[in-house]
Amino acid sequence: MNKRDYSQGQQSHLLQAFFIQKRVVGALLLREIITRYGRNNVGFMWLLLEPMIFCVGVVILWNTIHKDDGFRVAVTPFIVTGYSCLLLWRNCPARGIKAIEPNRSLLHHRPVKIIDIFIARMMLEIAGVTAAFITVSLAMIGLDLMALPKDLGLIIGGWFYMAWFSACLGTILGCLSEHGELVERLWHPIGYFLLAVSGTFFMVDWLPHNLQQWVLLVPMVHPIEMIRAGYWGDSPHFHYSIWYISIVCLSMSLLALLLMADKRMKMLT
């Protein structure tokens with residue numbers, strides 16, 4: 001066999017593996033939707049409605065609290081951009097932790113791999129929150145509570161990085177949680193601490209200069225600042241580094257792949 005035939009054979013094998021994984025992930029997605037939301041009432045529409053209810057509730061609450069105190073920026077877009085990101089990086093770990101245990105029987109089927117389970121769960125969460133973010137934003141714009149964004153491309157870029165980071169975080173915690181309950185126990189207090197420094201309820205520019213450099217070490221801050229810069233218009237008032245969040249997400253992706261390939265994970269199957 002010459003090099004050309006070998007190369008074509010490898011490409012054909014990879015393409016076949018891709019289509020098999022695509023079918024497996026699709027089946028797992030349908031299984032997750034039916035298992036979580038059932039077939040009755042609105043069913044899988046809860047995938048969209050659940051994050052929407054949370055987001056709209058917080059928007060109403062903040063508009064009520066800050067109605068007369070002269071908040072620094074428009075309250076509605078501030079909360080919609082921040083709280084939607086919060087739902088993303090909080091929901092993905094919640095679905096990633098102990099993801100293997102209820103799906104362990106599926107791993108006896110040769111085409112189903114550990115990575116497929118995590119891909120399906122992360123895709124489902126990201127799709128639901130993304131749809132809710134778009135729907136709430138369009139509704140608020142239609143009600144004249146939000147203006148049109150200045151740079152849609154920057155918003156999409158920030159959302160992409162937030163989704164990437166959240167999926168990696170959910171997968172890493174999911175892998176670690178299969179070896180004991182400590183990760184699940186520790187994540188809840190750590191998650192509350194990260195909420196305070198994630199940039200959800202503040203902008204980096206509001207902080208003293210000596211605190212800004214420390215807050216910018218928190219990965220979630222950068223995508224949120226990107227999204228808000230895309231909405232209000234990029235300016236020196238927003239602080240983010242695409243290089244930093246790219247390196248963090250690439251490193252977390254590598255760590256997630258290594259954890260899924262670990263011998264101890266394979267023993268769970």
# chains A, B, ... in the order shown; residues from 1 in each chain; ligands from 1
call {"tool": "closest_atom_pairs", "arguments": {"of": "region 219-257 of chain A", "to": "region 104-123 of chain A", "cutoff": "12 Å", "atoms": "only C-alpha atoms", "output": "tab-separated table"}}
result
residue	atom	partner	partner_atom	distance
A:Ser253	CA	A:Ile115	CA	11.9
A:Ala256	CA	A:Ile115	CA	9.4
A:Leu257	CA	A:Ile115	CA	8.2
call {"tool": "write_last_selection", "arguments": {"atoms": "all heavy atoms", "output": "PDB file, in the first residue's frame"}}
result
ATOM      1  N   SER A 253      -9.269  22.172  28.097  1.00  0.00           N
ATOM      2  CA  SER A 253      -9.667  21.152  27.123  1.00  0.00           C
ATOM      3  C   SER A 253      -8.708  19.973  27.164  1.00  0.00           C
ATOM      4  O   SER A 253      -9.133  18.805  27.154  1.00  0.00           O
ATOM      5  CB  SER A 253      -9.698  21.740  25.713  1.00  0.00           C
ATOM      6  OG  SER A 253     -10.632  22.785  25.607  1.00  0.00           O
ATOM      7  N   ALA A 256      -9.298  18.019  30.357  1.00  0.00           N
ATOM      8  CA  ALA A 256     -10.532  17.229  30.262  1.00  0.00           C
ATOM      9  C   ALA A 256     -10.305  15.959  29.446  1.00  0.00           C
ATOM     10  O   ALA A 256     -10.757  14.868  29.832  1.00  0.00           O
ATOM     11  CB  ALA A 256     -11.646  18.071  29.636  1.00  0.00           C
ATOM     12  N   LEU A 257      -9.580  16.075  28.329  1.00  0.00           N
ATOM     13  CA  LEU A 257      -9.295  14.906  27.497  1.00  0.00           C
ATOM     14  C   LEU A 257      -8.417  13.903  28.236  1.00  0.00           C
ATOM     15  O   LEU A 257      -8.640  12.681  28.141  1.00  0.00           O
ATOM     16  CB  LEU A 257      -8.619  15.345  26.197  1.00  0.00           C
ATOM     17  CG  LEU A 257      -9.495  16.117  25.207  1.00  0.00           C
ATOM     18  CD1 LEU A 257      -8.655  16.673  24.067  1.00  0.00           C
ATOM     19  CD2 LEU A 257     -10.602  15.227  24.653  1.00  0.00           C
TER      20      LEU A 257
END
call {"tool": "residues_around", "arguments": {"residues": "region 204-214 of chain A", "least_positions_apart": "5", "cutoff": "10 Å", "atoms": "only C-alpha atoms", "output": "list in words"}}
result
Arg72, Val197, Ser198, Gly199, Val221, His222, Glu225, Pro236, His237, Phe238, His239 and Tyr240 of chain A
call {"tool": "select_by_dssp", "arguments": {"residues": "region 12-118 of chain A", "states": "alpha helix (DSSP H)", "output": "short mmCIF file (atom, residue, chain, number, x, y, z; two decimals) with N, CA and C atoms, in the first residue's frame"}}
result
data_model
loop_
_atom_site.label_atom_id
_atom_site.label_comp_id
_atom_site.auth_asym_id
_atom_site.auth_seq_id
_atom_site.Cartn_x
_atom_site.Cartn_y
_atom_site.Cartn_z
N SER A 12 -10.89 8.07 5.39
CA SER A 12 -12.16 7.35 5.36
C SER A 12 -12.53 6.81 6.74
N HIS A 13 -11.53 6.32 7.48
CA HIS A 13 -11.75 5.80 8.82
C HIS A 13 -12.19 6.91 9.77
N LEU A 14 -11.53 8.08 9.70
CA LEU A 14 -11.87 9.21 10.56
C LEU A 14 -13.28 9.72 10.25
N LEU A 15 -13.61 9.76 8.96
CA LEU A 15 -14.95 10.23 8.57
C LEU A 15 -16.02 9.27 9.08
N GLN A 16 -15.75 7.99 8.98
CA GLN A 16 -16.70 6.99 9.47
C GLN A 16 -16.87 7.11 10.98
N ALA A 17 -15.75 7.31 11.70
CA ALA A 17 -15.80 7.47 13.16
C ALA A 17 -16.58 8.72 13.54
N PHE A 18 -16.42 9.79 12.74
CA PHE A 18 -17.14 11.03 13.02
C PHE A 18 -18.65 10.84 12.91
N PHE A 19 -19.10 10.14 11.85
CA PHE A 19 -20.54 9.94 11.66
C PHE A 19 -21.12 9.01 12.73
N ILE A 20 -20.33 8.04 13.18
CA ILE A 20 -20.78 7.16 14.26
C ILE A 20 -20.95 7.97 15.54
N GLN A 21 -19.96 8.80 15.86
CA GLN A 21 -20.04 9.63 17.07
C GLN A 21 -21.19 10.62 16.97
N LYS A 22 -21.44 11.14 15.78
CA LYS A 22 -22.55 12.08 15.58
C LYS A 22 -23.88 11.41 15.90
N ARG A 23 -24.06 10.17 15.44
CA ARG A 23 -25.31 9.44 15.72
C ARG A 23 -25.44 9.11 17.21
N VAL A 24 -24.32 8.74 17.82
CA VAL A 24 -24.34 8.40 19.25
C VAL A 24 -24.71 9.62 20.08
N VAL A 25 -24.06 10.75 19.80
CA VAL A 25 -24.34 11.97 20.55
C VAL A 25 -25.79 12.41 20.34
N GLY A 26 -26.29 12.28 19.12
CA GLY A 26 -27.68 12.62 18.84
C GLY A 26 -28.65 11.77 19.64
N ALA A 27 -28.36 10.47 19.71
CA ALA A 27 -29.21 9.57 20.50
C ALA A 27 -29.15 9.90 21.99
N LEU A 28 -27.95 10.22 22.47
CA LEU A 28 -27.80 10.57 23.89
C LEU A 28 -28.51 11.88 24.21
N LEU A 29 -28.50 12.82 23.27
CA LEU A 29 -29.23 14.07 23.47
C LEU A 29 -30.72 13.82 23.62
N LEU A 30 -31.28 13.00 22.74
CA LEU A 30 -32.71 12.68 22.83
C LEU A 30 -33.02 11.97 24.15
N ARG A 31 -32.13 11.07 24.55
CA ARG A 31 -32.34 10.35 25.82
C ARG A 31 -32.31 11.31 27.00
N GLU A 32 -31.37 12.26 26.99
CA GLU A 32 -31.27 13.24 28.08
C GLU A 32 -32.54 14.10 28.15
N ILE A 33 -33.02 14.54 26.99
CA ILE A 33 -34.22 15.39 26.96
C ILE A 33 -35.43 14.66 27.52
N ILE A 34 -35.63 13.40 27.07
CA ILE A 34 -36.78 12.62 27.54
C ILE A 34 -36.65 12.29 29.02
N THR A 35 -35.42 11.94 29.46
CA THR A 35 -35.21 11.59 30.87
C THR A 35 -35.46 12.77 31.79
N ARG A 36 -34.99 13.94 31.37
CA ARG A 36 -35.08 15.12 32.24
C ARG A 36 -36.43 15.82 32.17
N TYR A 37 -37.02 15.88 30.99
CA TYR A 37 -38.22 16.70 30.81
C TYR A 37 -39.47 15.88 30.50
N TRP A 46 -39.04 23.07 28.46
CA TRP A 46 -38.45 23.51 29.72
C TRP A 46 -36.96 23.80 29.57
N LEU A 47 -36.34 23.19 28.57
CA LEU A 47 -34.94 23.47 28.29
C LEU A 47 -34.72 24.95 28.03
N LEU A 48 -35.70 25.59 27.39
CA LEU A 48 -35.65 27.03 27.12
C LEU A 48 -36.31 27.83 28.23
N LEU A 49 -37.45 27.35 28.73
CA LEU A 49 -38.23 28.12 29.69
C LEU A 49 -37.55 28.25 31.05
N GLU A 50 -36.87 27.21 31.50
CA GLU A 50 -36.26 27.24 32.82
C GLU A 50 -35.23 28.36 32.98
N PRO A 51 -34.21 28.46 32.09
CA PRO A 51 -33.29 29.59 32.22
C PRO A 51 -33.94 30.94 31.95
N MET A 52 -34.97 30.97 31.08
CA MET A 52 -35.67 32.23 30.82
C MET A 52 -36.36 32.75 32.07
N ILE A 53 -37.03 31.85 32.80
CA ILE A 53 -37.73 32.25 34.02
C ILE A 53 -36.75 32.82 35.05
N PHE A 54 -35.61 32.15 35.21
CA PHE A 54 -34.59 32.64 36.14
C PHE A 54 -34.11 34.03 35.73
N CYS A 55 -33.80 34.19 34.45
CA CYS A 55 -33.23 35.45 33.96
C CYS A 55 -34.23 36.59 34.08
N VAL A 56 -35.47 36.36 33.64
CA VAL A 56 -36.51 37.41 33.70
C VAL A 56 -36.80 37.77 35.15
N GLY A 57 -36.84 36.78 36.03
CA GLY A 57 -37.09 37.05 37.45
C GLY A 57 -36.04 37.96 38.06
N VAL A 58 -34.76 37.69 37.75
CA VAL A 58 -33.68 38.53 38.28
C VAL A 58 -33.72 39.93 37.66
N VAL A 59 -34.07 40.03 36.37
CA VAL A 59 -34.21 41.34 35.72
C VAL A 59 -35.27 42.18 36.42
N ILE A 60 -36.43 41.59 36.69
CA ILE A 60 -37.52 42.30 37.38
C ILE A 60 -37.08 42.72 38.78
N LEU A 61 -36.42 41.81 39.50
CA LEU A 61 -35.97 42.11 40.86
C LEU A 61 -34.99 43.27 40.89
N TRP A 62 -33.99 43.24 39.99
CA TRP A 62 -32.99 44.31 39.99
C TRP A 62 -33.58 45.64 39.52
N ASN A 63 -34.50 45.60 38.58
CA ASN A 63 -35.13 46.84 38.14
C ASN A 63 -35.97 47.45 39.26
N THR A 64 -36.57 46.59 40.09
CA THR A 64 -37.34 47.08 41.22
C THR A 64 -36.44 47.69 42.29
N ILE A 65 -35.33 47.02 42.58
CA ILE A 65 -34.42 47.48 43.64
C ILE A 65 -33.71 48.76 43.24
N VAL A 75 -29.87 48.92 33.85
CA VAL A 75 -29.95 47.72 34.66
C VAL A 75 -30.26 46.48 33.83
N THR A 76 -31.23 46.57 32.92
CA THR A 76 -31.69 45.38 32.19
C THR A 76 -30.58 44.73 31.37
N PRO A 77 -29.87 45.45 30.49
CA PRO A 77 -28.80 44.78 29.74
C PRO A 77 -27.66 44.30 30.64
N PHE A 78 -27.42 45.01 31.73
CA PHE A 78 -26.37 44.60 32.67
C PHE A 78 -26.68 43.23 33.26
N ILE A 79 -27.93 43.03 33.66
CA ILE A 79 -28.34 41.76 34.26
C ILE A 79 -28.49 40.66 33.22
N VAL A 80 -29.05 40.98 32.06
CA VAL A 80 -29.24 39.96 31.01
C VAL A 80 -27.88 39.40 30.57
N THR A 81 -26.91 40.26 30.36
CA THR A 81 -25.58 39.79 29.92
C THR A 81 -24.85 39.04 31.03
N GLY A 82 -24.98 39.51 32.25
CA GLY A 82 -24.26 38.87 33.35
C GLY A 82 -24.90 37.59 33.84
N TYR A 83 -26.21 37.62 34.02
CA TYR A 83 -26.89 36.46 34.61
C TYR A 83 -26.97 35.30 33.62
N SER A 84 -27.08 35.59 32.33
CA SER A 84 -27.08 34.52 31.33
C SER A 84 -25.75 33.76 31.35
N CYS A 85 -24.66 34.50 31.50
CA CYS A 85 -23.35 33.85 31.60
C CYS A 85 -23.24 33.04 32.89
N LEU A 86 -23.81 33.56 33.96
CA LEU A 86 -23.81 32.83 35.23
C LEU A 86 -24.52 31.48 35.08
N LEU A 87 -25.67 31.47 34.42
CA LEU A 87 -26.41 30.23 34.21
C LEU A 87 -25.57 29.23 33.43
N LEU A 88 -24.78 29.73 32.50
CA LEU A 88 -23.97 28.84 31.66
C LEU A 88 -22.89 28.13 32.48
N TRP A 89 -22.08 28.90 33.22
CA TRP A 89 -20.98 28.26 33.93
C TRP A 89 -21.41 27.59 35.24
N ARG A 90 -22.64 27.83 35.69
CA ARG A 90 -23.17 27.10 36.85
C ARG A 90 -23.90 25.83 36.43
N ASN A 91 -24.63 25.87 35.33
CA ASN A 91 -25.42 24.72 34.90
C ASN A 91 -24.56 23.59 34.34
N CYS A 92 -23.52 23.94 33.59
CA CYS A 92 -22.68 22.89 32.99
C CYS A 92 -22.01 22.01 34.05
N PRO A 93 -21.38 22.57 35.09
CA PRO A 93 -20.84 21.70 36.14
C PRO A 93 -21.92 20.90 36.87
N ALA A 94 -23.10 21.51 37.05
CA ALA A 94 -24.19 20.79 37.73
C ALA A 94 -24.60 19.55 36.95
N ARG A 95 -24.57 19.62 35.62
CA ARG A 95 -24.93 18.47 34.79
C ARG A 95 -23.73 17.56 34.55
N GLY A 96 -22.53 18.08 34.68
CA GLY A 96 -21.35 17.26 34.46
C GLY A 96 -21.01 16.36 35.63
N ILE A 114 -17.16 7.63 26.92
CA ILE A 114 -17.33 8.60 28.00
C ILE A 114 -17.45 10.00 27.45
N ILE A 115 -16.65 10.32 26.46
CA ILE A 115 -16.68 11.68 25.89
C ILE A 115 -18.04 12.00 25.28
N ASP A 116 -18.73 10.98 24.73
CA ASP A 116 -20.04 11.21 24.12
C ASP A 116 -21.06 11.65 25.17
N ILE A 117 -20.99 11.06 26.36
CA ILE A 117 -21.92 11.42 27.44
C ILE A 117 -21.73 12.88 27.84
N PHE A 118 -20.47 13.29 27.98
CA PHE A 118 -20.20 14.68 28.37
C PHE A 118 -20.56 15.65 27.24
#
call {"tool": "residues_around", "arguments": {"residues": "Ile97 (chain A)", "least_positions_apart": "5", "cutoff": "6 Å", "atoms": "only C-alpha atoms", "output": "NGL selection string"}}
result
:A and (173-174 or 177)
call {"tool": "write_last_selection", "arguments": {"atoms": "N, CA, C and O atoms", "output": "mmCIF file, in the first residue's frame"}}
result
data_model
loop_
_atom_site.group_PDB
_atom_site.id
_atom_site.type_symbol
_atom_site.label_atom_id
_atom_site.label_comp_id
_atom_site.auth_asym_id
_atom_site.auth_seq_id
_atom_site.Cartn_x
_atom_site.Cartn_y
_atom_site.Cartn_z
ATOM 1 N N LEU A 173 -14.947 18.576 36.210
ATOM 2 C CA LEU A 173 -15.579 18.260 37.496
ATOM 3 C C LEU A 173 -16.331 16.932 37.420
ATOM 4 O O LEU A 173 -16.366 16.173 38.392
ATOM 5 N N GLY A 174 -16.925 16.650 36.250
ATOM 6 C CA GLY A 174 -17.627 15.392 36.077
ATOM 7 C C GLY A 174 -16.693 14.197 36.177
ATOM 8 O O GLY A 174 -17.031 13.192 36.811
ATOM 9 N N SER A 177 -15.504 13.853 39.828
ATOM 10 C CA SER A 177 -16.566 13.465 40.765
ATOM 11 C C SER A 177 -16.819 11.962 40.764
ATOM 12 O O SER A 177 -17.420 11.435 41.704
#
call {"tool": "residues_around", "arguments": {"residues": "region 232-235 of chain A", "least_positions_apart": "6", "cutoff": "12 Å", "atoms": "only C-alpha atoms", "output": "PyMOL selection string"}}
result
chain A and resi 73-74+77-78+81+146-155+205+225-226
call {"tool": "decode", "arguments": {"residues": "region 175-187 of chain A", "atoms": "all heavy atoms", "output": "compact mmCIF listing (two decimals), in the first residue's frame"}}
result
# COMPACT_ATOMS: atom_id res chain seq x y z
N CYS A 175 -15.53 14.29 35.57
CA CYS A 175 -14.54 13.20 35.64
C CYS A 175 -14.05 13.01 37.07
O CYS A 175 -13.95 11.89 37.57
CB CYS A 175 -13.38 13.49 34.71
SG CYS A 175 -13.77 13.39 32.95
N LEU A 176 -13.72 14.12 37.73
CA LEU A 176 -13.19 14.03 39.09
C LEU A 176 -14.24 13.51 40.08
O LEU A 176 -13.91 12.81 41.04
CB LEU A 176 -12.68 15.40 39.54
CG LEU A 176 -11.46 15.96 38.77
CD1 LEU A 176 -11.14 17.37 39.25
CD2 LEU A 176 -10.25 15.05 38.94
N SER A 177 -15.50 13.85 39.83
CA SER A 177 -16.57 13.46 40.76
C SER A 177 -16.82 11.96 40.76
O SER A 177 -17.42 11.43 41.70
CB SER A 177 -17.87 14.20 40.43
OG SER A 177 -18.41 13.75 39.20
N GLU A 178 -16.39 11.26 39.72
CA GLU A 178 -16.61 9.82 39.65
C GLU A 178 -15.70 9.04 40.60
O GLU A 178 -15.91 7.85 40.82
CB GLU A 178 -16.39 9.33 38.21
CG GLU A 178 -17.38 9.88 37.21
CD GLU A 178 -18.82 9.48 37.51
OE1 GLU A 178 -19.03 8.37 38.05
OE2 GLU A 178 -19.73 10.27 37.22
N HIS A 179 -14.70 9.70 41.16
CA HIS A 179 -13.76 9.03 42.05
C HIS A 179 -14.08 9.27 43.53
O HIS A 179 -13.34 8.83 44.40
CB HIS A 179 -12.33 9.50 41.75
CG HIS A 179 -11.93 9.29 40.32
ND1 HIS A 179 -11.90 8.05 39.72
CD2 HIS A 179 -11.56 10.17 39.36
CE1 HIS A 179 -11.51 8.17 38.46
NE2 HIS A 179 -11.32 9.45 38.21
N GLY A 180 -15.15 9.97 43.81
CA GLY A 180 -15.54 10.23 45.20
C GLY A 180 -16.49 11.40 45.30
O GLY A 180 -16.76 12.09 44.30
N GLU A 181 -17.01 11.64 46.49
CA GLU A 181 -18.00 12.68 46.70
C GLU A 181 -17.38 14.03 47.08
O GLU A 181 -18.10 15.02 47.18
CB GLU A 181 -18.97 12.27 47.82
CG GLU A 181 -19.82 11.04 47.48
CD GLU A 181 -20.82 10.72 48.57
OE1 GLU A 181 -20.81 11.43 49.60
OE2 GLU A 181 -21.61 9.77 48.39
N LEU A 182 -16.07 14.07 47.28
CA LEU A 182 -15.42 15.29 47.75
C LEU A 182 -15.60 16.44 46.76
O LEU A 182 -15.88 17.58 47.16
CB LEU A 182 -13.93 15.04 48.00
CG LEU A 182 -13.14 16.21 48.59
CD1 LEU A 182 -13.69 16.59 49.96
CD2 LEU A 182 -11.66 15.85 48.69
N VAL A 183 -15.45 16.14 45.46
CA VAL A 183 -15.57 17.19 44.43
C VAL A 183 -16.96 17.80 44.45
O VAL A 183 -17.12 19.03 44.40
CB VAL A 183 -15.25 16.62 43.03
CG1 VAL A 183 -15.58 17.64 41.95
CG2 VAL A 183 -13.80 16.21 42.95
N GLU A 184 -17.97 16.95 44.53
CA GLU A 184 -19.36 17.43 44.56
C GLU A 184 -19.61 18.29 45.79
O GLU A 184 -20.31 19.31 45.72
CB GLU A 184 -20.31 16.24 44.54
CG GLU A 184 -21.78 16.61 44.40
CD GLU A 184 -22.67 15.40 44.30
OE1 GLU A 184 -22.17 14.27 44.45
OE2 GLU A 184 -23.88 15.59 44.06
N ARG A 185 -19.05 17.89 46.94
CA ARG A 185 -19.24 18.65 48.18
C ARG A 185 -18.52 20.00 48.12
O ARG A 185 -19.05 21.02 48.59
CB ARG A 185 -18.70 17.85 49.37
CG ARG A 185 -19.35 16.48 49.57
CD ARG A 185 -20.80 16.59 49.94
NE ARG A 185 -21.39 15.29 50.21
CZ ARG A 185 -22.68 15.08 50.40
NH1 ARG A 185 -23.53 16.09 50.33
NH2 ARG A 185 -23.14 13.85 50.64
N LEU A 186 -17.32 20.00 47.56
CA LEU A 186 -16.53 21.23 47.54
C LEU A 186 -17.00 22.22 46.48
O LEU A 186 -16.84 23.44 46.65
CB LEU A 186 -15.05 20.91 47.29
CG LEU A 186 -14.30 20.23 48.43
CD1 LEU A 186 -12.87 19.90 48.00
CD2 LEU A 186 -14.27 21.11 49.67
N TRP A 187 -17.58 21.71 45.38
CA TRP A 187 -17.95 22.60 44.29
C TRP A 187 -19.00 23.62 44.71
O TRP A 187 -18.97 24.78 44.26
CB TRP A 187 -18.45 21.81 43.08
CG TRP A 187 -19.10 22.70 42.05
CD1 TRP A 187 -20.39 22.70 41.65
CD2 TRP A 187 -18.46 23.76 41.30
NE1 TRP A 187 -20.61 23.67 40.70
CE2 TRP A 187 -19.45 24.34 40.47
CE3 TRP A 187 -17.17 24.27 41.26
CZ2 TRP A 187 -19.18 25.39 39.61
CZ3 TRP A 187 -16.89 25.33 40.41
CH2 TRP A 187 -17.89 25.87 39.60
